[in-house]
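Enquirer: This is the structure I have questions about; it appears just below.
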Amino acid sequence: MRQPFKSDTELLQLLRGARDGDREAQFRAGVNYENGCGVAQDFSQAADWYRKAADNGHPAAQNSLGSLYVQGHGVAQSDEEAMKWFLRAASEGFAPAQNNVGYMYETGRVPTSASGSSSSGNEAVKWYRKAAQSGSAAGELNIGLAYLKGASVRQDLGEAVKWFRKAAAHGSAAACDQLGRAYEYGEGVARDESIADSWYRLAIKTGYRQAEQDLSALHKIARRPASNAPKPAGGRSPEADFTF
């Protein structure tokens with residue numbers, strides 16, 4: 001999120017540029033209305049400015065407009081409209097949008113007219129891989145989850161860990177948590193509770209609340225006489241990461 005404006009003059013300059021058709025200024029105006037930076041939060045205004053920038057070919061604005069359609073913020077909720085804008089940005093190589101196209105396929109939110117002949121799972125993996133190869137932390141996390149769960153790829157825990165490490169290096173708190181689980185249960189790496197503890201703590205420091213529960217569970221297991229207990233059956237299934 002951008003910092004609030006230091007002066008009304010700065011805000012007026014931005015809005016002037018946006019009204020004059022500067023697509024970057026239009027995008028920034030959308031960001032500030034969406035997040036309430038320097039102006040009252042207004043999703044409808046955010047959508048209007050994102051649309052102007054998106055129509056001018058701004059990939060980040062196209063992705064942001066798609067995200068508003070997913071959530072129904074400032075616009076009528078529409079997965080079809082969301083997918084349209086994600087695909088426009090993804091076709092320009094915009095990694096967050098490539099990840100979101102994968103997310104839409106994985107979660108079954110792609111309109112039938114856009115689904116094509118490939119399975120949703122295969123399409124999700126394809127787009128996650130594109131995003132990951134473009135350096136998207138969310139894409140790296142999601143392709144790692146695909147290998148962890150064996151979703152439309154052959155299950156490979158070592159490959160999952162490889163992608164989790166990449167995502168963690170790019171700042172994904174969820175990937176740090178997944179690495180903690182990998183070390184806690186010996187999935188793709190040698191089991192090591194102390195390293196699991198470190199990854200969970202890093203995830204917590206980065207603001208990932210689920211890691212607090214995972215760290216607490218780790219310490220409860222560690223206090224038991226037999227600490228090599230297998231992974232509990234029916235544990236939580238990690239969810240794909242969406243890029244706002």
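Chain labels run A, B, ... following the order of the structure tokens; each chain numbers its residues from 1, and ligands are numbered from 1 in the order shown.
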Excluding Ile204 of chain A and any residue of its chain fewer than 6 positions from it, enumerate the residues within 10 Å of it, using only C-alpha atoms, and give them as a ChimeraX atom specification.
Expert: /A:173-174,176-177,198,210-215
Enquirer: Taking the backbone alone, and naming residues the way the document does, which bits of segment 28-235 of chain A are helix (DSSP H, G or I) by DSSP, as an MDAnalysis selection string?
Expert: chainID A and resid 28:35 43:55 59:71 79:91 95:106 112:115 120:133 137:149 157:169 173:185 193:205 210:222
Enquirer: For Tyr183 of chain A, which residue among A:Gly207, A:Gly30, A:Gly139, A:Gly158 is the nearest when counting only C-alpha atoms?
Expert: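 Nearest to Tyr183 of chain A: A:Gly158.
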Enquirer: What's the 12 Å shell around Arg154 of chain A, counting only C-alpha atoms, without same-chain residues fewer than 5 positions away, as a PyMOL selection string?
Expert: chain A and resi 122+125+143-149+159-160
Enquirer: Can you spit out the residues from that selection as an mmCIF file, in the first residue's frame, using N, CA and C atoms?
Expert:
data_model
loop_
_atom_site.group_PDB
_atom_site.id
_atom_site.type_symbol
_atom_site.label_atom_id
_atom_site.label_comp_id
_atom_site.auth_asym_id
_atom_site.auth_seq_id
_atom_site.Cartn_x
_atom_site.Cartn_y
_atom_site.Cartn_z
ATOM 1 N N ASN A 122 -5.298 -28.777 -14.596
ATOM 2 C CA ASN A 122 -4.155 -28.594 -15.484
ATOM 3 C C ASN A 122 -3.948 -27.118 -15.829
ATOM 4 N N VAL A 125 -2.388 -25.281 -12.796
ATOM 5 C CA VAL A 125 -0.955 -25.537 -12.675
ATOM 6 C C VAL A 125 -0.186 -24.778 -13.756
ATOM 7 N N ILE A 143 2.401 -23.356 -6.871
ATOM 8 C CA ILE A 143 2.938 -24.517 -7.585
ATOM 9 C C ILE A 143 3.539 -25.492 -6.577
ATOM 10 N N GLY A 144 4.102 -24.964 -5.487
ATOM 11 C CA GLY A 144 4.584 -25.832 -4.417
ATOM 12 C C GLY A 144 3.460 -26.634 -3.785
ATOM 13 N N LEU A 145 2.314 -25.986 -3.574
ATOM 14 C CA LEU A 145 1.156 -26.683 -3.003
ATOM 15 C C LEU A 145 0.650 -27.763 -3.950
ATOM 16 N N ALA A 146 0.725 -27.491 -5.260
ATOM 17 C CA ALA A 146 0.300 -28.500 -6.235
ATOM 18 C C ALA A 146 1.166 -29.747 -6.113
ATOM 19 N N TYR A 147 2.482 -29.567 -5.976
ATOM 20 C CA TYR A 147 3.374 -30.721 -5.812
ATOM 21 C C TYR A 147 3.173 -31.392 -4.454
ATOM 22 N N LEU A 148 2.876 -30.606 -3.438
ATOM 23 C CA LEU A 148 2.641 -31.173 -2.109
ATOM 24 C C LEU A 148 1.423 -32.088 -2.117
ATOM 25 N N LYS A 149 0.347 -31.641 -2.775
ATOM 26 C CA LYS A 149 -0.917 -32.382 -2.765
ATOM 27 C C LYS A 149 -1.056 -33.345 -3.932
ATOM 28 N N GLU A 159 10.160 -31.373 -4.532
ATOM 29 C CA GLU A 159 9.880 -30.280 -5.461
ATOM 30 C C GLU A 159 9.010 -29.220 -4.778
ATOM 31 N N ALA A 160 8.076 -29.666 -3.950
ATOM 32 C CA ALA A 160 7.237 -28.724 -3.208
ATOM 33 C C ALA A 160 8.099 -27.834 -2.317
#
Enquirer: Given the choices A:Asn99, A:Thr206, A:Ser119, A:Thr9, which gets closest to Gly171 of chain A if the distance is worked out from only C-alpha atoms?
Expert: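 That would be A:Thr206, the residue with the smallest distance to Gly171 of chain A.
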Enquirer: Residues within 8 Å of Ala240 of chain A, please, as a PyMOL selection string. Count only C-alpha atoms; anything in the same chain fewer than 6 positions from it doesn't count.
Expert: chain A and resi 103+141-142+145
Enquirer: Based on the selection just made, write N, CA and C atoms of those residues as an mmCIF file, in the first residue's frame.
Expert:
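Heads up, here's the output in part-v9.cif:
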data_model
loop_
_atom_site.group_PDB
_atom_site.id
_atom_site.type_symbol
_atom_site.label_atom_id
_atom_site.label_comp_id
_atom_site.auth_asym_id
_atom_site.auth_seq_id
_atom_site.Cartn_x
_atom_site.Cartn_y
_atom_site.Cartn_z
ATOM 1 N N TYR A 103 -5.615 -19.302 -9.881
ATOM 2 C CA TYR A 103 -6.505 -19.386 -8.718
ATOM 3 C C TYR A 103 -7.957 -19.565 -9.156
ATOM 4 N N LEU A 141 4.395 -20.271 -4.312
ATOM 5 C CA LEU A 141 3.702 -20.997 -3.236
ATOM 6 C C LEU A 141 2.688 -21.961 -3.827
ATOM 7 N N ASN A 142 1.899 -21.510 -4.784
ATOM 8 C CA ASN A 142 0.810 -22.326 -5.312
ATOM 9 C C ASN A 142 1.310 -23.514 -6.116
ATOM 10 N N LEU A 145 2.314 -25.986 -3.574
ATOM 11 C CA LEU A 145 1.156 -26.683 -3.003
ATOM 12 C C LEU A 145 0.650 -27.763 -3.950
#
Enquirer: Kindly give the distance, in Å, that separates atom CA of Lys166 of chain A and atom CA of Glu140 of chain A, rounded to a single decimal.
Expert: 6.6 Å
Enquirer: With only C-alpha atoms as the counted atoms, please give the residues lying no more than 7 Å from Arg51 of chain A, apart from itself and same-chain residues fewer than 4 positions off, as a PDB file with C-alpha atoms, in the first residue's frame.
Expert:
ATOM      1  CA  ALA A  47     -13.036   0.825  -9.742  1.00  0.00           C
ATOM      2  CA  ASP A  55      -8.640   0.518 -20.748  1.00  0.00           C
ATOM      3  CA  LEU A  65     -10.012  -4.262 -11.348  1.00  0.00           C
TER       4      LEU A  65
END
Enquirer: Using only C-alpha atoms, which residues sit within 8 Å of segment 22-29 of chain A once same-chain residues fewer than 6 positions away are excluded, as a PDB file with C-alpha atoms, in the first residue's frame?
Expert:
ATOM      1  CA  LEU A  14      -2.081  13.078  -9.119  1.00  0.00           C
ATOM      2  CA  LEU A  15      -5.780  13.571  -9.877  1.00  0.00           C
ATOM      3  CA  ALA A  46     -11.259   2.962  -7.156  1.00  0.00           C
ATOM      4  CA  TRP A  49      -9.965   4.842 -11.969  1.00  0.00           C
ATOM      5  CA  TYR A  50      -8.733   1.269 -12.359  1.00  0.00           C
ATOM      6  CA  LYS A  52      -9.674   4.004 -17.010  1.00  0.00           C
ATOM      7  CA  ALA A  53      -6.090   2.803 -16.516  1.00  0.00           C
ATOM      8  CA  ALA A  54      -7.046  -0.737 -17.531  1.00  0.00           C
ATOM      9  CA  ASN A  56      -5.347   2.340 -21.369  1.00  0.00           C
ATOM     10  CA  GLY A  57      -3.498  -0.991 -21.149  1.00  0.00           C
ATOM     11  CA  HIS A  58      -2.120  -0.823 -17.579  1.00  0.00           C
ATOM     12  CA  ALA A  60      -1.577  -3.774 -12.717  1.00  0.00           C
ATOM     13  CA  ALA A  61      -4.822  -1.805 -13.038  1.00  0.00           C
TER      14      ALA A  61
END
Enquirer: A:Gln77, A:Asn100, A:Thr112, A:Ser136: which is nearest Ala124 of chain A, counting only C-alpha atoms?
Expert: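 That would be A:Asn100, the residue with the smallest distance to Ala124 of chain A.
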Enquirer: For Glu34 of chain A, list every protein, DNA or RNA residue within 8 Å, evaluated using only C-alpha atoms, and leave out those in the same chain fewer than 2 positions away; present the list as a count of residues only.
Expert: 9
Enquirer: So which one's closest to His219 of chain A, A:Ser194, A:Gln98, A:Gln13, A:Ser91? Using only C-alpha atoms, please.
Expert: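 Going through A:Ser194, A:Gln98, A:Gln13, A:Ser91 one by one, the smallest distance to His219 of chain A is for A:Ser194.
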